[in-house]
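Chemist: Got a file for you: entry27.txt, compact mmCIF, C-alpha atoms.
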# COMPACT_ATOMS: atom_id res chain seq x y z
CA MET P 77 11.20 11.44 -14.18
CA ASP P 78 12.64 14.11 -16.50
CA VAL P 79 11.22 13.57 -19.97
CA SER P 80 12.57 16.78 -21.51
CA GLU P 81 15.50 14.96 -23.17
CA PHE P 82 13.45 12.08 -24.54
CA PRO P 83 12.95 11.94 -28.33
CA LEU P 84 9.43 12.15 -29.73
CA LEU P 85 9.11 8.40 -30.40
CA VAL P 86 10.02 7.58 -26.80
CA LEU P 87 7.50 10.11 -25.51
CA LEU P 88 4.75 8.66 -27.68
CA GLY P 89 5.78 5.15 -26.63
CA LEU P 90 5.51 6.07 -22.94
CA PHE P 91 2.14 7.71 -23.55
CA THR P 92 0.84 4.63 -25.36
CA LEU P 93 2.17 2.24 -22.71
CA ALA P 94 0.58 4.24 -19.90
CA ALA P 95 -2.73 4.36 -21.78
CA ALA P 96 -2.58 0.57 -22.32
CA ILE P 97 -2.00 -0.01 -18.60
CA ILE P 98 -4.97 2.19 -17.76
CA LEU P 99 -7.03 0.25 -20.30
CA ALA P 100 -6.08 -3.17 -18.88
CA CYS P 101 -6.82 -2.11 -15.30
CA GLY P 102 -10.19 -0.77 -16.39
CA VAL P 103 -11.19 -4.14 -17.86
CA ARG P 104 -10.45 -5.96 -14.62
CA MET P 105 -12.05 -3.24 -12.54
CA THR P 106 -15.47 -3.67 -14.17
CA ALA P 107 -15.81 -7.29 -13.11
CA VAL P 108 -14.65 -6.50 -9.57
CA ALA P 109 -17.08 -3.58 -9.25
CA ASP P 110 -19.98 -5.71 -10.48
CA ARG P 111 -19.21 -8.32 -7.82
CA ILE P 112 -18.89 -5.65 -5.11
CA ALA P 113 -22.31 -4.31 -6.13
CA ASP P 114 -23.80 -7.78 -5.68
CA THR P 115 -22.03 -8.85 -2.48
CA THR P 116 -22.65 -5.56 -0.66
CA GLY P 117 -26.23 -5.19 -1.91
CA LEU P 118 -25.63 -1.55 -2.88
CA GLY P 119 -26.64 -2.11 -6.51
CA GLU P 120 -25.00 -1.51 -9.87
CA ALA P 121 -26.15 2.08 -10.34
CA LEU P 122 -24.75 3.26 -6.99
CA ILE P 123 -21.49 1.28 -7.20
CA GLY P 124 -21.05 2.32 -10.83
CA GLY P 125 -21.79 5.95 -10.06
CA VAL P 126 -19.59 6.26 -6.96
CA LEU P 127 -16.94 3.55 -6.56
CA LEU P 128 -16.27 2.62 -10.19
CA GLY P 129 -16.74 6.18 -11.36
CA ALA P 130 -14.19 7.51 -8.87
CA ALA P 131 -11.70 4.68 -9.44
CA THR P 132 -11.61 4.92 -13.22
CA SER P 133 -11.16 8.68 -12.89
CA LEU P 134 -8.02 8.33 -10.75
CA SER P 135 -5.55 8.54 -13.63
CA GLY P 136 -7.29 11.66 -14.90
CA THR P 137 -7.14 13.16 -11.41
CA VAL P 138 -3.38 12.63 -11.34
CA VAL P 139 -3.01 14.32 -14.74
CA SER P 140 -4.98 17.39 -13.66
CA VAL P 141 -3.26 17.79 -10.30
CA THR P 142 0.21 17.27 -11.77
CA SER P 143 -0.50 19.80 -14.51
CA ALA P 144 -1.78 22.35 -11.98
CA LEU P 145 1.33 21.89 -9.83
CA ASP P 146 3.38 22.70 -12.93
CA GLY P 147 1.35 25.91 -13.45
CA ARG P 148 -0.56 24.54 -16.47
CA ALA P 149 -4.06 25.75 -15.60
CA SER P 150 -5.58 25.14 -19.05
CA LEU P 151 -4.22 21.59 -19.28
CA ALA P 152 -5.48 20.75 -15.78
CA PHE P 153 -8.96 22.16 -16.41
CA SER P 154 -9.47 20.93 -19.97
CA ASN P 155 -8.32 17.42 -19.01
CA GLY P 156 -11.17 17.24 -16.50
CA VAL P 157 -13.99 18.77 -18.51
CA GLY P 158 -12.75 17.22 -21.77
CA GLY P 159 -12.90 13.82 -20.10
CA ILE P 160 -16.55 14.43 -19.21
CA ALA P 161 -17.37 15.08 -22.87
CA ALA P 162 -15.36 12.08 -24.09
CA GLN P 163 -16.87 9.70 -21.55
CA THR P 164 -20.41 10.77 -22.38
CA ALA P 165 -19.62 10.04 -26.03
CA PHE P 166 -18.40 6.59 -24.97
CA LEU P 167 -21.83 5.87 -23.50
CA ALA P 168 -23.40 6.70 -26.86
CA LEU P 169 -20.95 4.29 -28.55
CA ALA P 170 -22.05 1.59 -26.10
CA ASP P 171 -25.65 2.25 -27.14
CA VAL P 172 -24.63 1.64 -30.75
CA LEU P 173 -23.23 -1.77 -29.77
CA HIS P 174 -26.20 -2.71 -27.58
CA ARG P 175 -28.51 -3.85 -30.35
CA ARG P 176 -31.37 -5.24 -28.24
CA ALA P 177 -32.79 -1.81 -27.40
CA ASN P 178 -31.82 1.77 -26.66
CA LEU P 179 -29.39 1.54 -23.73
CA GLU P 180 -31.01 4.40 -21.81
CA HIS P 181 -34.37 2.64 -22.13
CA ALA P 182 -33.09 -0.73 -20.96
CA ALA P 183 -31.01 0.65 -18.07
CA ALA P 184 -33.95 2.26 -16.29
CA GLU P 185 -32.70 3.55 -12.93
CA LEU P 186 -33.76 6.67 -11.07
CA ALA P 187 -30.30 7.06 -9.49
CA ASN P 188 -28.81 7.68 -12.94
CA VAL P 189 -31.32 10.45 -13.67
CA PHE P 190 -30.49 12.04 -10.33
CA GLN P 191 -26.74 11.79 -11.01
CA SER P 192 -27.20 13.47 -14.40
CA ALA P 193 -28.97 16.44 -12.81
CA LEU P 194 -26.26 16.58 -10.15
CA LEU P 195 -23.56 16.65 -12.83
CA MET P 196 -25.23 19.57 -14.61
CA LEU P 197 -25.31 21.50 -11.33
CA LEU P 198 -21.64 20.78 -10.69
CA LEU P 199 -20.66 21.89 -14.20
CA ALA P 200 -22.46 25.21 -13.71
CA ILE P 201 -20.42 26.10 -10.61
CA PRO P 202 -17.13 26.83 -12.48
CA VAL P 203 -19.04 29.20 -14.77
CA LEU P 204 -20.20 31.15 -11.73
CA ALA P 205 -16.63 31.20 -10.43
CA TYR P 206 -15.26 32.53 -13.73
CA ALA P 207 -17.91 35.26 -13.90
CA GLY P 208 -17.41 36.27 -10.27
CA PRO P 209 -14.56 38.05 -8.45
CA GLU P 210 -11.13 36.46 -8.15
CA VAL P 211 -11.00 35.60 -4.45
CA THR P 212 -9.52 32.73 -2.47
CA ILE P 213 -10.09 31.34 1.01
CA LEU P 214 -7.14 29.37 2.41
CA GLY P 215 -5.76 29.14 -1.11
CA LEU P 216 -8.98 27.92 -2.74
CA HIS P 217 -11.72 29.74 -4.63
CA PRO P 218 -15.12 29.41 -2.86
CA ALA P 219 -16.39 27.49 -5.90
CA SER P 220 -13.93 24.70 -5.14
CA TYR P 221 -15.45 24.25 -1.69
CA ALA P 222 -18.91 24.35 -3.24
CA LEU P 223 -18.01 21.54 -5.67
CA VAL P 224 -17.01 19.23 -2.82
CA ALA P 225 -20.06 20.09 -0.71
CA VAL P 226 -22.50 19.57 -3.60
CA TYR P 227 -20.79 16.31 -4.61
CA VAL P 228 -20.96 14.86 -1.07
CA ALA P 229 -24.60 15.90 -0.72
CA GLY P 230 -25.31 14.42 -4.13
CA VAL P 231 -23.77 11.03 -3.23
CA ALA P 232 -25.95 10.90 -0.13
CA GLY P 233 -28.95 11.89 -2.20
CA SER P 234 -28.22 9.18 -4.77
CA ARG P 235 -28.36 6.49 -2.11
CA ARG P 236 -31.58 7.89 -0.72
CA VAL P 237 -33.12 7.98 -4.20
CA ARG P 238 -32.18 4.33 -4.69
CA GLU P 239 -33.40 3.12 -1.29
CA ASP P 240 -36.57 5.21 -1.04
CA PRO P 241 -37.57 6.42 -4.52
CA MET P 242 -40.57 8.69 -4.93
CA TRP P 243 -41.24 7.27 -8.38
CA ARG P 244 -40.10 4.24 -10.37
CA PRO P 245 -39.43 3.68 -14.09
CA VAL P 246 -42.01 1.65 -15.95
CA GLY P 247 -40.70 -1.83 -16.70
CA THR P 248 -40.99 -3.17 -20.26
CA ARG P 249 -39.88 -6.36 -21.95
CA LEU P 250 -36.70 -4.52 -23.00
CA THR P 251 -35.79 -3.33 -19.51
CA GLN P 252 -32.71 -5.05 -18.07
CA GLU P 253 -33.01 -5.41 -14.30
CA ASP P 254 -30.08 -5.27 -11.89
CA LYS P 255 -29.60 -8.94 -10.96
CA PRO P 256 -26.63 -10.51 -9.13
CA ALA P 257 -24.29 -12.38 -11.44
CA GLU P 258 -24.02 -16.13 -11.00
CA ASP P 259 -20.21 -16.28 -11.23
CA ARG P 260 -18.94 -16.09 -7.66
CA ARG P 261 -15.34 -17.27 -7.49
CA ASP P 262 -13.73 -16.88 -4.07
CA THR P 263 -11.50 -13.79 -3.78
CA GLY P 264 -11.39 -13.53 0.01
CA GLY P 265 -14.82 -11.93 0.46
CA ASN P 266 -15.52 -8.23 0.36
CA LEU P 267 -12.12 -7.39 1.87
CA GLY P 268 -10.33 -9.22 -0.94
CA LEU P 269 -12.45 -7.52 -3.57
CA PHE P 270 -11.74 -4.06 -2.17
CA ALA P 271 -8.01 -4.86 -1.85
CA LEU P 272 -7.85 -5.93 -5.49
CA PHE P 273 -9.79 -2.83 -6.49
CA GLY P 274 -7.38 -0.62 -4.54
CA GLY P 275 -4.35 -2.21 -6.18
CA LEU P 276 -5.74 -1.56 -9.65
CA MET P 277 -6.39 2.07 -8.67
CA ALA P 278 -2.77 2.53 -7.58
CA VAL P 279 -1.42 1.25 -10.90
CA MET P 280 -3.78 3.51 -12.83
CA GLY P 281 -2.68 6.51 -10.78
CA LEU P 282 0.97 5.88 -11.65
CA ALA P 283 0.10 5.58 -15.34
CA GLY P 284 -1.80 8.87 -15.12
CA TRP P 285 1.31 10.59 -13.74
CA VAL P 286 3.35 9.38 -16.71
CA ILE P 287 0.71 10.72 -19.12
CA ALA P 288 0.80 14.13 -17.40
CA GLN P 289 4.58 14.36 -17.78
CA VAL P 290 4.49 13.43 -21.46
CA ALA P 291 1.57 15.77 -22.25
CA GLY P 292 3.26 18.72 -20.57
CA GLU P 293 6.48 18.12 -22.49
CA LEU P 294 4.68 17.81 -25.83
CA THR P 295 2.72 21.01 -25.15
CA ASP P 296 5.90 22.98 -24.46
CA ARG P 297 8.14 21.42 -27.10
CA TYR P 298 5.73 21.82 -30.02
CA ASP P 299 3.83 24.90 -28.78
CA LEU P 300 0.51 23.05 -28.80
CA SER P 301 -2.77 24.35 -27.39
CA ALA P 302 -3.01 23.18 -23.78
CA SER P 303 -6.82 23.11 -24.05
CA LEU P 304 -6.69 20.87 -27.09
CA VAL P 305 -4.05 18.55 -25.62
CA GLY P 306 -6.03 18.30 -22.39
CA ALA P 307 -9.45 17.77 -23.96
CA LEU P 308 -8.51 15.45 -26.80
CA MET P 309 -5.25 13.77 -25.80
CA THR P 310 -4.90 13.31 -22.05
CA ALA P 311 -8.67 13.31 -21.42
CA VAL P 312 -9.32 10.58 -23.99
CA ALA P 313 -6.32 8.50 -22.85
CA THR P 314 -7.27 8.63 -19.18
CA SER P 315 -10.92 8.03 -20.08
CA LEU P 316 -10.17 4.69 -21.74
CA PRO P 317 -11.21 2.78 -18.58
CA GLU P 318 -14.66 4.32 -18.88
CA LEU P 319 -14.90 3.12 -22.48
CA VAL P 320 -13.76 -0.39 -21.60
CA THR P 321 -15.80 -0.67 -18.41
CA THR P 322 -18.90 0.57 -20.21
CA LEU P 323 -18.55 -1.90 -23.08
CA ALA P 324 -17.66 -4.72 -20.68
CA ALA P 325 -20.62 -3.91 -18.45
CA VAL P 326 -22.98 -3.90 -21.45
CA HIS P 327 -21.52 -7.27 -22.51
CA ARG P 328 -22.20 -8.60 -19.00
CA ARG P 329 -25.73 -7.11 -19.23
CA ALA P 330 -24.95 -4.95 -16.19
CA LEU P 331 -26.61 -2.00 -17.91
CA GLN P 332 -27.18 0.13 -14.80
CA LEU P 333 -23.48 -0.30 -14.01
CA ALA P 334 -22.59 0.87 -17.53
CA VAL P 335 -24.69 4.02 -17.42
CA GLY P 336 -23.98 4.71 -13.75
CA GLY P 337 -20.23 4.27 -14.24
CA ILE P 338 -20.11 6.96 -16.93
CA ILE P 339 -22.35 9.45 -15.15
CA GLY P 340 -20.69 8.82 -11.81
CA GLY P 341 -17.23 9.10 -13.31
CA ASN P 342 -18.21 12.40 -14.89
CA THR P 343 -19.58 13.65 -11.57
CA PHE P 344 -16.37 12.70 -9.79
CA ASP P 345 -14.35 14.37 -12.56
CA THR P 346 -15.70 17.76 -11.49
CA LEU P 347 -13.66 17.33 -8.30
CA PHE P 348 -10.57 17.50 -10.54
CA LEU P 349 -11.22 21.22 -10.49
CA THR P 350 -11.11 21.48 -6.70
CA LEU P 351 -7.91 19.46 -6.52
CA SER P 352 -6.40 21.41 -9.40
CA ASP P 353 -7.33 24.71 -7.77
CA ALA P 354 -5.58 23.55 -4.59
CA ALA P 355 -2.49 22.53 -6.58
CA TYR P 356 -2.40 25.73 -8.67
CA ARG P 357 -0.31 28.24 -6.75
CA ASP P 358 -0.72 31.36 -8.92
CA GLY P 359 -4.17 32.41 -7.66
CA SER P 360 -7.62 31.19 -8.64
CA LEU P 361 -7.56 28.41 -11.23
CA TYR P 362 -10.88 29.58 -12.68
CA HIS P 363 -9.46 32.98 -13.59
CA ALA P 364 -6.38 31.56 -15.31
CA LEU P 365 -8.41 29.81 -18.00
CA THR P 366 -9.10 30.57 -21.64
CA ARG P 367 -12.31 30.66 -23.65
CA ALA P 368 -11.34 27.32 -25.22
CA ASP P 369 -11.36 25.69 -21.77
CA PHE P 370 -14.93 26.80 -21.12
CA PHE P 371 -15.92 25.64 -24.60
CA TRP P 372 -15.30 22.08 -23.45
CA LEU P 373 -17.17 22.67 -20.19
CA ALA P 374 -20.17 23.90 -22.19
CA THR P 375 -19.87 20.88 -24.49
CA GLY P 376 -19.99 18.51 -21.52
CA LEU P 377 -22.97 20.39 -20.09
CA VAL P 378 -24.93 20.15 -23.34
CA MET P 379 -24.12 16.46 -23.75
CA THR P 380 -25.20 15.71 -20.18
CA ALA P 381 -28.48 17.56 -20.69
CA ILE P 382 -29.18 15.47 -23.80
CA LEU P 383 -28.35 12.28 -21.88
CA MET P 384 -30.71 13.17 -19.03
CA LEU P 385 -33.51 13.86 -21.49
CA GLY P 386 -32.91 10.41 -22.96
CA LEU P 387 -33.00 8.79 -19.52
CA ILE P 388 -36.35 10.43 -18.84
CA VAL P 389 -37.97 9.84 -22.25
CA ARG P 390 -36.60 6.26 -22.54
CA GLN P 391 -37.11 5.97 -26.29
CA ARG P 392 -37.12 2.29 -27.29
CA GLU P 393 -35.48 2.86 -30.67
CA GLY P 394 -34.39 5.89 -32.67
CA PRO P 395 -32.15 6.63 -35.65
CA GLY P 396 -29.88 3.69 -36.44
CA ARG P 397 -31.64 1.65 -33.69
CA ILE P 398 -30.20 3.92 -30.99
CA GLY P 399 -31.90 6.61 -28.94
CA PHE P 400 -32.16 10.23 -30.03
CA GLU P 401 -29.91 11.09 -27.10
CA SER P 402 -27.04 8.91 -28.38
CA ALA P 403 -27.31 10.37 -31.87
CA GLY P 404 -27.36 13.88 -30.41
CA ILE P 405 -24.43 13.23 -28.07
CA LEU P 406 -22.23 11.87 -30.87
CA ALA P 407 -23.16 14.79 -33.13
CA VAL P 408 -22.33 17.38 -30.46
CA TYR P 409 -18.99 15.75 -29.62
CA ALA P 410 -17.97 15.38 -33.27
CA GLY P 411 -18.88 19.01 -33.87
CA ALA P 412 -16.87 20.16 -30.84
CA VAL P 413 -13.79 18.24 -31.98
CA ALA P 414 -14.10 19.70 -35.50
CA ILE P 415 -14.48 23.27 -34.19
CA GLN P 416 -11.50 23.01 -31.87
CA SER P 417 -9.34 21.35 -34.52
CA LEU P 418 -10.08 24.13 -37.00
CA ALA P 419 -9.31 26.74 -34.34
CA MET P 420 -5.76 25.43 -33.81
What is this file in structure tokens?

Modeler:
Amino acid sequence: MDVSEFPLLVLLGLFTLAAAIILACGVRMTAVADRIADTTGLGEALIGGVLLGAATSLSGTVVSVTSALDGRASLAFSNGVGGIAAQTAFLALADVLHRRANLEHAAAELANVFQSALLMLLLAIPVLAYAGPEVTILGLHPASYALVAVYVAGVAGSRRVREDPMWRPVGTRLTQEDKPAEDRRDTGGNLGLFALFGGLMAVMGLAGWVIAQVAGELTDRYDLSASLVGALMTAVATSLPELVTTLAAVHRRALQLAVGGIIGGNTFDTLFLTLSDAAYRDGSLYHALTRADFFWLATGLVMTAILMLGLIVRQREGPGRIGFESAGILAVYAGAVAIQSLAM
């Protein structure tokens, strides 16, 4: 689809329509993922962190890969790391709406703490790549291979932590346990659930491709900052499923699914960089970036560190009846948006 001749209103209309499709698929996906967690016995934290996290990130993956294929390194990178920052902020918004207790206190799950630490490790790898020599092996920087290896090892570790934990969170009257939902309408068993889930993923992927085309055209036509467009426009649009799935999961009282979906989605989003590096044909992706791109990576790293501290401390209530981590996350994200907006 060639969007170069489309007027601005048509471009914005396409962008909005694609974002709405992603949003609608995300709503349906939450319920399906919750049922898969129950019927397979894998649990909300693991399904949220791996299956739901990867699925809701599909549209963002398409945006990053498409942008890299077009030679837009900054747009590809900032879409991924900007999405991590936006999605972490979404979790803080969910805490605001969950009035019974601090969300990180109620959703006590060791797998989510482990996933947070894993995410911080993954976010540090691109920094090492940027600071190191510009080399490639079979067209990929060694850091891209490292991201995949660490992610796969981390997924295996997450399951082990869930099945054989070395410590457990202390239960309180505010802790929401992971219990199977009572609503069990027939959808053809596990096979039917996975087929429905796969169909929703395909639609979201197509919508992500449309967003990538529109974002690239807007960046070129109006000489916009690719980092800003990626971090605040495409990243937020493709992260809408995470917002919806998180709020829907909190409404369903599937709190481990809510927290695990955000952290797992963020962890999977780091693989955008490997895929983007493979799609970028002008050398190492990490050495074609700007300082603004790494600003958003650092923002996501700081926000994740704050979240992990909150998961460990498990404050019952803090400022505005939310945890200190949610207040800190929202403050950091708002500050990052303000700084980048002023720098335009």

Chemist: Hey, what's within 10 Å of range 83-91 of chain P if we count all atoms listed in the file and toss same-chain stuff fewer than 2 positions away? As a ChimeraX atom specification, please?

Modeler: /P:79-81,93-96,283-284,286-291,293-294,297,309-310,313

Chemist: So, counting only C-alpha atoms, which residue among P:Ser352, P:Ser220, P:Ser402, P:Ser140 is closest to Gly306 in chain P?

Modeler: P:Ser140

Chemist: Counting all atoms listed in the file, what are the residues of range 328-392 of chain P within 12 Å of range 404-417 of chain P, and for each of them which pair of atoms is the nearest and at what distance in Å, to one decimal? Sort the table by chain and rising number, as a tab-separated table.

Modeler:
residue	atom	partner	partner_atom	distance
P:Arg367	CA	P:Gln416	CA	11.3
P:Ala368	CA	P:Gln416	CA	7.9
P:Asp369	CA	P:Gln416	CA	10.5
P:Phe370	CA	P:Gln416	CA	11.9
P:Phe371	CA	P:Ala412	CA	8.4
P:Trp372	CA	P:Ala412	CA	7.8
P:Leu373	CA	P:Ala412	CA	10.9
P:Ala374	CA	P:Ala412	CA	10.0
P:Thr375	CA	P:Ala412	CA	7.1
P:Gly376	CA	P:Tyr409	CA	8.6
P:Leu377	CA	P:Val408	CA	10.8
P:Val378	CA	P:Val408	CA	8.1
P:Met379	CA	P:Ile405	CA	5.4
P:Thr380	CA	P:Ile405	CA	8.3
P:Ala381	CA	P:Ile405	CA	9.5
P:Ile382	CA	P:Ile405	CA	6.8
P:Leu383	CA	P:Ile405	CA	7.4
P:Met384	CA	P:Ile405	CA	11.0
P:Leu385	CA	P:Gly404	CA	10.8
P:Gly386	CA	P:Gly404	CA	9.9

Chemist: Name the closest residue to Val226 in chain P among the candidates P:Asn266, P:Ser301, P:Gln191, P:Thr314; distances are taken between atoms, counting all atoms listed in the file.

Modeler: P:Gln191

Chemist: Between CA of Arg329 in chain P and CA of Ile398 in chain P, what is the spacing in Å?

Modeler: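 Here the two named atoms are 16.7 Å from each other.
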
Chemist: I'd like the interatomic distance between CA of Ala355 in chain P and CA of Ser143 in chain P, to a tenth of an Å.

Modeler: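 Computing the Euclidean distance for CA of Ala355 in chain P and CA of Ser143 in chain P yields 8.6 Å.
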
Chemist: For a test of reading the model, state the distance in Å between CA of Leu169 in chain P and CA of Ala334 in chain P, rounded to one decimal.

Modeler: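 According to the coordinates, CA of Leu169 in chain P and CA of Ala334 in chain P are separated by 11.7 Å.
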
Chemist: Please identify all polymer residues within 9 Å of Leu179 in chain P, counting only C-alpha atoms, omitting same-chain residues fewer than 3 positions from it, and present them as an mmCIF file with C-alpha atoms, in the frame of the given file.

Modeler:
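Result file is around.cif:
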data_model
loop_
_atom_site.group_PDB
_atom_site.id
_atom_site.type_symbol
_atom_site.label_atom_id
_atom_site.label_comp_id
_atom_site.auth_asym_id
_atom_site.auth_seq_id
_atom_site.Cartn_x
_atom_site.Cartn_y
_atom_site.Cartn_z
ATOM 1 C CA LEU P 167 -21.830 5.870 -23.500
ATOM 2 C CA ALA P 168 -23.400 6.700 -26.860
ATOM 3 C CA ALA P 170 -22.050 1.590 -26.100
ATOM 4 C CA ASP P 171 -25.650 2.250 -27.140
ATOM 5 C CA VAL P 172 -24.630 1.640 -30.750
ATOM 6 C CA HIS P 174 -26.200 -2.710 -27.580
ATOM 7 C CA ARG P 175 -28.510 -3.850 -30.350
ATOM 8 C CA ARG P 176 -31.370 -5.240 -28.240
ATOM 9 C CA ALA P 182 -33.090 -0.730 -20.960
ATOM 10 C CA ALA P 183 -31.010 0.650 -18.070
ATOM 11 C CA ALA P 184 -33.950 2.260 -16.290
ATOM 12 C CA VAL P 326 -22.980 -3.900 -21.450
ATOM 13 C CA LEU P 331 -26.610 -2.000 -17.910
ATOM 14 C CA VAL P 335 -24.690 4.020 -17.420
ATOM 15 C CA ARG P 390 -36.600 6.260 -22.540
ATOM 16 C CA ARG P 392 -37.120 2.290 -27.290
ATOM 17 C CA ILE P 398 -30.200 3.920 -30.990
ATOM 18 C CA GLY P 399 -31.900 6.610 -28.940
#

Chemist: Go through P:Ile98, P:Ile112, P:Ile388, P:Val126 and flag the residue nearest Leu269 in chain P, using all atoms listed in the file for the distances.

Modeler: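 The answer is P:Ile112, which sits nearest to Leu269 in chain P.
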
Chemist: So, with all atoms listed in the file as the atoms that count, which of P:Leu276, P:Ile160, P:Leu145, P:Ala200 lies closest to Leu351 in chain P?

Modeler: P:Leu145

Chemist: Is it possible to get the residues within 10 Å of (-10.6, 3.9, -23.6) (coordinates as in the file, counting only C-alpha atoms) written as a PyMOL selection string?

Modeler: chain P and resi 95-96+98-100+102-103+162-163+166+311-323

Chemist: From the list P:Ile213, P:Ser135, P:Ala193, P:Thr366, which residue is nearest Ala302 in chain P when using all atoms listed in the file?

Modeler: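 Looking only at the distances to Ala302 in chain P, the closest residue turns out to be P:Thr366.
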
Chemist: Please identify all polymer residues within 12 Å of Phe273 in chain P, counting all atoms listed in the file, omitting same-chain residues fewer than 4 positions from it, and present them as a list in words.

Modeler: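 Everything that qualifies: Cys101, Gly102, Val103, Arg104, Met105, Thr106, Ala107, Val108, Ala109, Asp110, Arg111, Ile112, Leu127, Leu128, Ala130, Ala131, Thr132, Thr263, Asn266, Leu267, Gly268, Leu269, Met277, Ala278, Val279 and Met280 of chain P.
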
Chemist: Have a look at P:His327, P:Phe190, P:Thr142, P:Ala205 and name the one nearest to Arg235 in chain P; count all atoms listed in the file.

Modeler: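 So, comparing all the options, the nearest one is P:Phe190.
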